[in-house]
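As stored in run.cif (mmCIF, C-alpha atoms):
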```cif
data_query
#
loop_
_atom_site.label_atom_id
_atom_site.label_comp_id
_atom_site.auth_asym_id
_atom_site.auth_seq_id
_atom_site.Cartn_x
_atom_site.Cartn_y
_atom_site.Cartn_z
CA ASP A 28 3.60 -31.36 11.80
CA MET A 29 5.11 -28.69 14.06
CA LEU A 30 2.36 -26.23 13.05
CA ASN A 31 -0.34 -28.76 13.93
CA LYS A 32 1.16 -29.12 17.41
CA ALA A 33 1.19 -25.35 18.09
CA ALA A 34 -1.32 -23.87 20.55
CA CYS A 35 -2.21 -21.24 17.96
CA ILE A 36 -0.82 -19.77 14.71
CA HIS A 37 -0.66 -16.04 14.07
CA ALA A 38 -1.74 -14.88 10.57
CA THR A 39 -1.80 -11.22 9.52
CA GLU A 40 -4.91 -11.49 7.33
CA ILE A 41 -7.77 -13.88 6.56
CA ASN A 42 -6.42 -15.17 3.24
CA GLU A 43 -3.19 -16.17 4.98
CA ALA A 44 -5.35 -18.17 7.40
CA LYS A 45 -7.23 -19.79 4.51
CA ALA A 46 -3.93 -20.76 2.87
CA LEU A 47 -2.91 -22.53 6.11
CA ARG A 48 -6.22 -24.43 6.13
CA ASP A 49 -5.66 -25.41 2.49
CA LEU A 50 -2.35 -26.96 3.57
CA GLY A 51 -4.29 -29.19 5.96
CA ILE A 52 -3.24 -27.37 9.15
CA LYS A 53 -5.99 -27.70 11.76
CA THR A 54 -4.50 -25.59 14.56
CA GLN A 55 -6.41 -22.54 15.81
CA ILE A 56 -5.47 -19.40 13.90
CA ALA A 57 -5.42 -15.87 15.31
CA VAL A 58 -5.83 -13.20 12.61
CA ILE A 59 -4.03 -10.12 13.93
CA PRO A 60 -2.79 -7.60 11.34
CA ASN A 61 0.56 -5.86 11.45
CA GLY A 62 0.55 -2.53 13.23
CA VAL A 63 1.31 0.95 11.92
CA ASP A 64 3.34 3.60 13.71
CA LEU A 65 1.19 6.69 13.17
CA SER A 66 3.60 8.87 15.14
CA GLU A 67 6.02 8.73 12.17
CA PHE A 68 3.49 10.70 10.15
CA GLU A 69 2.67 13.37 12.73
CA ASN A 70 3.94 16.93 12.41
CA LEU A 71 4.83 16.56 8.74
CA ASP A 72 6.50 19.40 6.87
CA SER A 73 4.59 21.14 4.10
CA GLN A 74 4.47 19.26 0.80
CA GLU A 75 6.78 21.91 -0.71
CA VAL A 76 9.45 21.32 1.96
CA SER A 77 9.30 17.56 1.41
CA LYS A 78 9.63 18.04 -2.36
CA ASN A 79 12.62 20.32 -1.82
CA ASN A 80 14.25 17.77 0.50
CA LEU A 81 14.06 15.19 -2.30
CA ASN A 82 15.06 17.63 -5.08
CA LEU A 83 11.65 17.27 -6.70
CA ASN A 84 9.86 19.92 -8.73
CA ILE A 85 7.57 21.91 -6.40
CA SER A 86 5.13 22.69 -9.21
CA LYS A 87 4.56 19.00 -10.11
CA LYS A 88 2.27 16.44 -8.50
CA TYR A 89 3.55 12.94 -7.83
CA ILE A 90 2.14 9.42 -8.09
CA LEU A 91 4.04 7.09 -5.74
CA PHE A 92 5.00 3.41 -5.97
CA ILE A 93 7.02 1.88 -3.12
CA SER A 94 8.07 -1.76 -3.33
CA ARG A 95 10.63 -4.09 -4.85
CA VAL A 96 11.03 -3.70 -8.61
CA HIS A 97 9.90 -7.25 -9.31
CA PRO A 98 7.15 -8.79 -11.53
CA LYS A 99 5.14 -9.81 -8.43
CA LYS A 100 4.54 -6.14 -7.64
CA GLY A 101 2.83 -5.35 -10.95
CA LEU A 102 4.75 -2.13 -11.59
CA GLU A 103 4.39 -2.51 -15.38
CA TYR A 104 0.62 -1.96 -15.05
CA LEU A 105 1.20 1.40 -13.36
CA VAL A 106 3.94 2.44 -15.79
CA LYS A 107 1.72 1.67 -18.80
CA SER A 108 -1.24 3.51 -17.24
CA PHE A 109 0.90 6.52 -16.44
CA ILE A 110 2.22 6.59 -20.02
CA LYS A 111 -1.34 6.33 -21.36
CA TYR A 112 -2.58 9.38 -19.42
CA SER A 113 0.58 11.45 -19.12
CA LYS A 114 -0.38 13.95 -21.84
CA GLN A 115 -3.86 14.43 -20.43
CA PHE A 116 -2.59 14.95 -16.87
CA GLU A 117 0.72 16.58 -17.71
CA ASN A 118 1.27 18.01 -14.24
CA TYR A 119 1.78 14.53 -12.78
CA GLU A 120 5.05 12.60 -12.56
CA LEU A 121 5.76 9.09 -11.27
CA LEU A 122 8.07 8.19 -8.37
CA ILE A 123 9.29 4.59 -8.09
CA ILE A 124 10.91 3.77 -4.74
CA GLY A 125 12.53 0.46 -3.87
CA PRO A 126 15.37 -1.90 -4.75
CA THR A 127 15.64 -3.65 -8.13
CA ASP A 128 15.08 -7.34 -7.40
CA ASP A 129 14.89 -8.46 -11.03
CA GLU A 130 17.32 -6.86 -13.49
CA LYS A 131 15.63 -8.36 -16.57
CA TYR A 132 12.26 -6.98 -15.46
CA LYS A 133 13.80 -3.54 -14.79
CA LYS A 134 15.33 -3.52 -18.28
CA SER A 135 11.95 -4.31 -19.83
CA LEU A 136 10.43 -1.37 -17.89
CA ASP A 137 13.28 0.91 -19.01
CA SER A 138 12.58 -0.08 -22.61
CA VAL A 139 8.85 0.72 -22.31
CA ILE A 140 9.66 4.08 -20.66
CA SER A 141 12.30 4.93 -23.25
CA ASP A 142 9.88 4.19 -26.12
CA SER A 143 7.29 6.48 -24.50
CA LYS A 144 9.73 9.46 -24.40
CA LEU A 145 8.71 10.02 -20.75
CA VAL A 146 12.08 9.28 -19.12
CA LYS A 147 12.10 12.74 -17.48
CA LYS A 148 8.69 12.15 -15.86
CA ILE A 149 9.35 8.70 -14.36
CA HIS A 150 11.87 8.72 -11.51
CA PHE A 151 13.52 5.59 -10.08
CA LEU A 152 14.86 6.78 -6.71
CA GLY A 153 16.00 3.42 -5.29
CA MET A 154 15.64 2.72 -1.56
CA LEU A 155 14.76 5.64 0.70
CA LYS A 156 15.21 5.49 4.46
CA GLY A 157 14.64 7.66 7.51
CA LYS A 158 13.33 11.17 6.83
CA ASN A 159 13.54 10.70 3.05
CA ARG A 160 11.06 7.82 3.28
CA ILE A 161 8.55 9.99 5.16
CA ASP A 162 9.20 12.91 2.79
CA VAL A 163 8.38 10.85 -0.30
CA TYR A 164 4.96 9.94 1.09
CA ASN A 165 4.36 13.56 2.05
CA ALA A 166 5.42 14.82 -1.40
CA SER A 167 2.95 12.54 -3.20
CA SER A 168 -0.73 12.95 -4.10
CA LEU A 169 -1.59 9.32 -4.89
CA PHE A 170 -0.17 5.90 -3.96
CA VAL A 171 -0.41 2.92 -6.33
CA LEU A 172 0.58 -0.70 -5.63
CA PRO A 173 -0.77 -3.01 -8.40
CA SER A 174 0.62 -6.10 -6.68
CA HIS A 175 -0.29 -9.69 -7.62
CA THR A 176 -0.26 -10.70 -3.94
CA GLU A 177 0.50 -9.19 -0.50
CA ASN A 178 -0.25 -10.72 2.89
CA PHE A 179 -0.56 -7.21 4.40
CA GLY A 180 1.15 -4.54 2.30
CA MET A 181 2.86 -2.33 4.87
CA VAL A 182 3.41 0.45 2.33
CA ILE A 183 -0.35 0.63 1.71
CA ALA A 184 -0.91 1.14 5.43
CA GLU A 185 1.84 3.77 5.55
CA ALA A 186 0.35 5.63 2.58
CA MET A 187 -2.96 5.86 4.44
CA ALA A 188 -1.13 6.98 7.58
CA ALA A 189 0.33 9.77 5.42
CA LYS A 190 -3.24 10.66 4.28
CA ILE A 191 -2.67 9.63 0.64
CA PRO A 192 -5.45 7.91 -1.36
CA VAL A 193 -4.53 4.41 -2.55
CA ILE A 194 -5.04 2.36 -5.69
CA THR A 195 -4.38 -1.32 -5.05
CA THR A 196 -5.62 -4.78 -5.99
CA PHE A 197 -7.63 -7.77 -4.82
CA GLY A 198 -4.21 -9.42 -4.29
CA THR A 199 -3.92 -7.29 -1.14
CA PRO A 200 -6.22 -7.64 1.92
CA TRP A 201 -7.45 -4.05 1.74
CA GLN A 202 -11.12 -4.30 0.70
CA GLU A 203 -11.81 -1.75 3.46
CA ILE A 204 -10.40 0.90 1.11
CA GLU A 205 -13.69 0.66 -0.81
CA LYS A 206 -15.81 0.69 2.36
CA TYR A 207 -14.10 3.83 3.64
CA ASN A 208 -13.94 5.49 0.19
CA ALA A 209 -10.18 5.80 0.71
CA GLY A 210 -9.19 4.92 -2.85
CA TRP A 211 -9.64 2.07 -5.31
CA TRP A 212 -9.44 -1.69 -4.64
CA VAL A 213 -9.65 -3.49 -8.00
CA GLU A 214 -9.01 -6.84 -9.64
CA LEU A 215 -5.60 -6.71 -11.28
CA SER A 216 -5.83 -6.03 -15.01
CA GLN A 217 -4.47 -3.28 -17.23
CA GLU A 218 -7.98 -1.98 -17.86
CA ASN A 219 -8.82 -1.80 -14.14
CA ILE A 220 -5.58 0.00 -13.25
CA ASP A 221 -6.14 2.36 -16.20
CA ASN A 222 -9.68 3.13 -15.06
CA ALA A 223 -8.72 3.67 -11.43
CA LEU A 224 -5.78 5.91 -12.32
CA TYR A 225 -7.89 7.93 -14.75
CA GLU A 226 -10.62 8.37 -12.14
CA ALA A 227 -8.12 9.40 -9.47
CA LEU A 228 -6.32 11.95 -11.65
CA SER A 229 -9.66 13.34 -12.87
CA LEU A 230 -10.83 14.18 -9.34
CA LYS A 231 -10.68 17.71 -8.03
CA GLU A 232 -7.75 18.16 -5.65
CA LYS A 233 -9.99 18.50 -2.58
CA ASP A 234 -11.87 15.29 -3.49
CA LEU A 235 -8.60 13.36 -3.85
CA GLU A 236 -7.44 14.77 -0.51
CA ARG A 237 -10.76 13.73 1.07
CA ARG A 238 -10.07 10.10 0.09
CA GLY A 239 -6.66 10.40 1.70
CA LEU A 240 -8.27 11.64 4.93
CA ASN A 241 -10.74 8.73 4.77
CA GLY A 242 -7.76 6.37 4.55
CA PHE A 243 -6.30 7.94 7.66
CA GLU A 244 -9.57 7.22 9.53
CA LEU A 245 -9.35 3.60 8.35
CA ILE A 246 -5.73 3.10 9.38
CA LYS A 247 -6.17 4.47 12.91
CA LYS A 248 -7.53 1.09 14.05
CA TYR A 249 -4.32 -0.58 12.84
CA GLU A 250 -2.16 1.45 15.19
CA TRP A 251 0.34 -0.75 17.06
CA LYS A 252 -1.34 -0.23 20.44
CA HIS A 253 -4.50 -1.94 19.16
CA GLN A 254 -2.61 -4.90 17.66
CA ALA A 255 -0.50 -5.25 20.83
CA LYS A 256 -3.72 -5.43 22.89
CA LYS A 257 -4.94 -8.29 20.67
CA MET A 258 -1.64 -10.16 21.11
CA LYS A 259 -1.96 -9.80 24.88
CA GLU A 260 -5.52 -11.15 24.75
CA LEU A 261 -4.33 -14.07 22.60
CA TYR A 262 -1.66 -15.11 25.13
CA GLU A 263 -4.14 -14.76 28.00
CA TYR A 264 -6.53 -17.06 26.10
CA ILE A 265 -3.79 -19.64 25.38
CA LEU A 266 -2.90 -19.62 29.10
CA GLY A 267 -6.56 -20.19 30.00
CA ASP A 268 -7.07 -16.79 31.61
CA ARG A 269 -9.84 -15.53 29.29
CA ASP A 270 -12.48 -16.61 26.78
CA LYS A 271 -11.59 -17.09 23.12
CA PRO A 272 -11.22 -13.70 21.37
CA GLU A 273 -13.34 -13.12 18.24
CA PHE A 274 -10.20 -12.98 16.05
CA VAL A 275 -9.29 -16.63 16.84
CA TYR A 276 -10.66 -19.17 14.36
CA GLU A 277 -11.01 -22.92 14.87
#
```
Now, as a test, write the supplied structure out as structure tokens.
Amino acid sequence: DMLNKAACIHATEINEAKALRDLGIKTQIAVIPNGVDLSEFENLDSQEVSKNNLNLNISKKYILFISRVHPKKGLEYLVKSFIKYSKQFENYELLIIGPTDDEKYKKSLDSVISDSKLVKKIHFLGMLKGKNRIDVYNASSLFVLPSHTENFGMVIAEAMAAKIPVITTFGTPWQEIEKYNAGWWVELSQENIDNALYEALSLKEKDLERRGLNGFELIKKYEWKHQAKKMKELYEYILGDRDKPEFVYE
């Protein structure tokens, strides 16, 4: 009832808005994404320096996952794909960053990894903050989040800000990744994650880097200054000082 009495509701992406409509909420909805602080990813060290800072092997390449270790995030799809192709792409290792939110799930992952004999190639680094968080993006060549559902997926945006190509799923609102050729946006299944990972690791280094640069072009429009401008326009509209912005839906 309170939501129906609001002047407007702020959603971060269109599917969030649709979910509100499905609940029977008829209030106007403004779709304004979260912003990204691009300045965090300016003046980065070399990849070697970032690897050294994290005690990683300079000669290895890294696939990065950042999120809670929880079934919702689909980490098992990535782990199984990595195991499948590890021999073929032996120079790659996997970094898993984030807190364990489900101990039973983590144990099942540990069991799969242990059976694969790849314990030394799959690194659970827990939560990283500050400079270490930026370093782990900078040290990585590919970002993968096989999530079941995300209303925005801040880590996807940050990966693109760090110029890393992304593999993610239809459960995230990032179909623009396909439009910009910034990575792979696929329906979540083991086969689709396998195919995307295989394609990514098969690319020449410069072609993979090109997708990362494309992602950076995409994410520029999500910079906080652009989202703040939309919020200002929204309040001006609610106060009757301007026409309805195009991001407000009846």
May I have the residues within 8 Å of region 187-198 of chain A as a PDB file with C-alpha atoms, keeping the file's coordinate frame, using all atoms listed in the file and disregarding those fewer than 4 positions away in the same chain?
```
ATOM      1  CA  VAL A  63       1.310   0.950  11.920  1.00  0.00           C
ATOM      2  CA  LEU A  65       1.190   6.690  13.170  1.00  0.00           C
ATOM      3  CA  PHE A  68       3.490  10.700  10.150  1.00  0.00           C
ATOM      4  CA  TYR A 164       4.960   9.940   1.090  1.00  0.00           C
ATOM      5  CA  ASN A 165       4.360  13.560   2.050  1.00  0.00           C
ATOM      6  CA  SER A 167       2.950  12.540  -3.200  1.00  0.00           C
ATOM      7  CA  SER A 168      -0.730  12.950  -4.100  1.00  0.00           C
ATOM      8  CA  LEU A 169      -1.590   9.320  -4.890  1.00  0.00           C
ATOM      9  CA  PHE A 170      -0.170   5.900  -3.960  1.00  0.00           C
ATOM     10  CA  VAL A 171      -0.410   2.920  -6.330  1.00  0.00           C
ATOM     11  CA  LEU A 172       0.580  -0.700  -5.630  1.00  0.00           C
ATOM     12  CA  PRO A 173      -0.770  -3.010  -8.400  1.00  0.00           C
ATOM     13  CA  SER A 174       0.620  -6.100  -6.680  1.00  0.00           C
ATOM     14  CA  HIS A 175      -0.290  -9.690  -7.620  1.00  0.00           C
ATOM     15  CA  THR A 176      -0.260 -10.700  -3.940  1.00  0.00           C
ATOM     16  CA  GLU A 177       0.500  -9.190  -0.500  1.00  0.00           C
ATOM     17  CA  ILE A 183      -0.350   0.630   1.710  1.00  0.00           C
ATOM     18  CA  GLN A 202     -11.120  -4.300   0.700  1.00  0.00           C
ATOM     19  CA  ILE A 204     -10.400   0.900   1.110  1.00  0.00           C
ATOM     20  CA  ALA A 209     -10.180   5.800   0.710  1.00  0.00           C
ATOM     21  CA  GLY A 210      -9.190   4.920  -2.850  1.00  0.00           C
ATOM     22  CA  TRP A 211      -9.640   2.070  -5.310  1.00  0.00           C
ATOM     23  CA  TRP A 212      -9.440  -1.690  -4.640  1.00  0.00           C
ATOM     24  CA  VAL A 213      -9.650  -3.490  -8.000  1.00  0.00           C
ATOM     25  CA  GLU A 214      -9.010  -6.840  -9.640  1.00  0.00           C
ATOM     26  CA  LEU A 215      -5.600  -6.710 -11.280  1.00  0.00           C
ATOM     27  CA  ILE A 220      -5.580   0.000 -13.250  1.00  0.00           C
ATOM     28  CA  ALA A 223      -8.720   3.670 -11.430  1.00  0.00           C
ATOM     29  CA  LEU A 224      -5.780   5.910 -12.320  1.00  0.00           C
ATOM     30  CA  LEU A 235      -8.600  13.360  -3.850  1.00  0.00           C
ATOM     31  CA  GLU A 236      -7.440  14.770  -0.510  1.00  0.00           C
ATOM     32  CA  ARG A 238     -10.070  10.100   0.090  1.00  0.00           C
ATOM     33  CA  GLY A 239      -6.660  10.400   1.700  1.00  0.00           C
ATOM     34  CA  LEU A 240      -8.270  11.640   4.930  1.00  0.00           C
ATOM     35  CA  ASN A 241     -10.740   8.730   4.770  1.00  0.00           C
ATOM     36  CA  GLY A 242      -7.760   6.370   4.550  1.00  0.00           C
ATOM     37  CA  PHE A 243      -6.300   7.940   7.660  1.00  0.00           C
ATOM     38  CA  LEU A 245      -9.350   3.600   8.350  1.00  0.00           C
ATOM     39  CA  ILE A 246      -5.730   3.100   9.380  1.00  0.00           C
ATOM     40  CA  LYS A 247      -6.170   4.470  12.910  1.00  0.00           C
TER      41      LYS A 247
END
```
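By chain and then residue number, the residues within 9 Å of Val76 (chain A) are Asp72, Asn80, Leu81, Ile85, Asp162 and Ala166 of chain A, counting all atoms listed in the file and disregarding those fewer than 4 positions away in sequence.
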Selection above as a file: C-alpha atoms, as a PDB file, in the frame of the given file:
```pdb
ATOM      1  CA  ASP A  72       6.500  19.400   6.870  1.00  0.00           C
ATOM      2  CA  ASN A  80      14.250  17.770   0.500  1.00  0.00           C
ATOM      3  CA  LEU A  81      14.060  15.190  -2.300  1.00  0.00           C
ATOM      4  CA  ILE A  85       7.570  21.910  -6.400  1.00  0.00           C
ATOM      5  CA  ASP A 162       9.200  12.910   2.790  1.00  0.00           C
ATOM      6  CA  ALA A 166       5.420  14.820  -1.400  1.00  0.00           C
TER       7      ALA A 166
END
```
Checklist entry - Could you write out as a ChimeraX atom specification the residues that the PyMOL selection byres ((chain A and resi 134-142) around 9) matches in the shown file? => result /A:102-103,106-107,110,129-133,143-146,149
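For the pair CA of Arg48 (chain A) and CA of Ala184 (chain A), the separation is 26.1 Å.
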Item to check | Shell of 8 Å around Phe179 (chain A), only C-alpha atoms, local chain residues under 2 positions omitted, as number ranges by chain | outcome: A: 39-40, 60-61, 177, 181, 199-200
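All polymer residues at most 8 Å from (1.2, 15.8, -9.3), using only C-alpha atoms, appear as Ser86, Lys87, Lys88, Tyr89, Ile90, Asn118, Tyr119, Glu120, Ser167 and Ser168 of chain A.
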Checklist entry - Counting all atoms listed in the file, which of A:Leu30, A:Val182, A:Ile265, A:Leu122 gets nearest to Lys78 (chain A)? => result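 Closest residue, counting all atoms listed in the file: A:Leu122.
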Go ahead and fit an axis-aligned box to every listed atom of region 139-153 of chain A plus 6 Å each side, and pass me the centre and edge lengths in Å, one decimal, as JSON.
```
{"center_x": 11.6, "center_y": 6.7, "center_z": -15.7, "size_x": 20.7, "size_y": 24.0, "size_z": 32.8}
```
N, CA and C atoms modelled onto region 76-89 of chain A, as a PDB file, in the frame of the given file:
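What follows is the written file part-v1.pdb:
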```
ATOM      1  N   VAL A  76       8.190  21.616   1.254  1.00  0.00           N
ATOM      2  CA  VAL A  76       9.450  21.320   1.960  1.00  0.00           C
ATOM      3  C   VAL A  76       9.905  19.901   1.660  1.00  0.00           C
ATOM      4  N   SER A  77       8.956  18.953   1.704  1.00  0.00           N
ATOM      5  CA  SER A  77       9.300  17.560   1.410  1.00  0.00           C
ATOM      6  C   SER A  77       9.806  17.393  -0.021  1.00  0.00           C
ATOM      7  N   LYS A  78       9.174  18.092  -0.961  1.00  0.00           N
ATOM      8  CA  LYS A  78       9.630  18.040  -2.360  1.00  0.00           C
ATOM      9  C   LYS A  78      11.045  18.610  -2.474  1.00  0.00           C
ATOM     10  N   ASN A  79      11.284  19.720  -1.808  1.00  0.00           N
ATOM     11  CA  ASN A  79      12.620  20.320  -1.820  1.00  0.00           C
ATOM     12  C   ASN A  79      13.662  19.367  -1.249  1.00  0.00           C
ATOM     13  N   ASN A  80      13.318  18.704  -0.148  1.00  0.00           N
ATOM     14  CA  ASN A  80      14.250  17.770   0.500  1.00  0.00           C
ATOM     15  C   ASN A  80      14.679  16.651  -0.440  1.00  0.00           C
ATOM     16  N   LEU A  81      13.787  16.287  -1.363  1.00  0.00           N
ATOM     17  CA  LEU A  81      14.060  15.190  -2.300  1.00  0.00           C
ATOM     18  C   LEU A  81      14.489  15.701  -3.684  1.00  0.00           C
ATOM     19  N   ASN A  82      14.705  17.010  -3.788  1.00  0.00           N
ATOM     20  CA  ASN A  82      15.060  17.630  -5.080  1.00  0.00           C
ATOM     21  C   ASN A  82      14.014  17.388  -6.157  1.00  0.00           C
ATOM     22  N   LEU A  83      12.742  17.413  -5.747  1.00  0.00           N
ATOM     23  CA  LEU A  83      11.650  17.270  -6.700  1.00  0.00           C
ATOM     24  C   LEU A  83      11.120  18.641  -7.095  1.00  0.00           C
ATOM     25  N   ASN A  84      10.422  18.674  -8.211  1.00  0.00           N
ATOM     26  CA  ASN A  84       9.860  19.920  -8.730  1.00  0.00           C
ATOM     27  C   ASN A  84       8.631  20.314  -7.912  1.00  0.00           C
ATOM     28  N   ILE A  85       8.676  21.474  -7.271  1.00  0.00           N
ATOM     29  CA  ILE A  85       7.570  21.910  -6.400  1.00  0.00           C
ATOM     30  C   ILE A  85       6.273  22.059  -7.174  1.00  0.00           C
ATOM     31  N   SER A  86       6.343  22.416  -8.433  1.00  0.00           N
ATOM     32  CA  SER A  86       5.130  22.690  -9.210  1.00  0.00           C
ATOM     33  C   SER A  86       4.462  21.417  -9.751  1.00  0.00           C
ATOM     34  N   LYS A  87       5.123  20.269  -9.607  1.00  0.00           N
ATOM     35  CA  LYS A  87       4.560  19.000 -10.110  1.00  0.00           C
ATOM     36  C   LYS A  87       3.837  18.240  -9.002  1.00  0.00           C
ATOM     37  N   LYS A  88       2.911  17.366  -9.423  1.00  0.00           N
ATOM     38  CA  LYS A  88       2.270  16.440  -8.500  1.00  0.00           C
ATOM     39  C   LYS A  88       2.836  15.058  -8.760  1.00  0.00           C
ATOM     40  N   TYR A  89       2.858  14.221  -7.715  1.00  0.00           N
ATOM     41  CA  TYR A  89       3.550  12.940  -7.830  1.00  0.00           C
ATOM     42  C   TYR A  89       2.650  11.756  -7.481  1.00  0.00           C
TER      43      TYR A  89
END
```
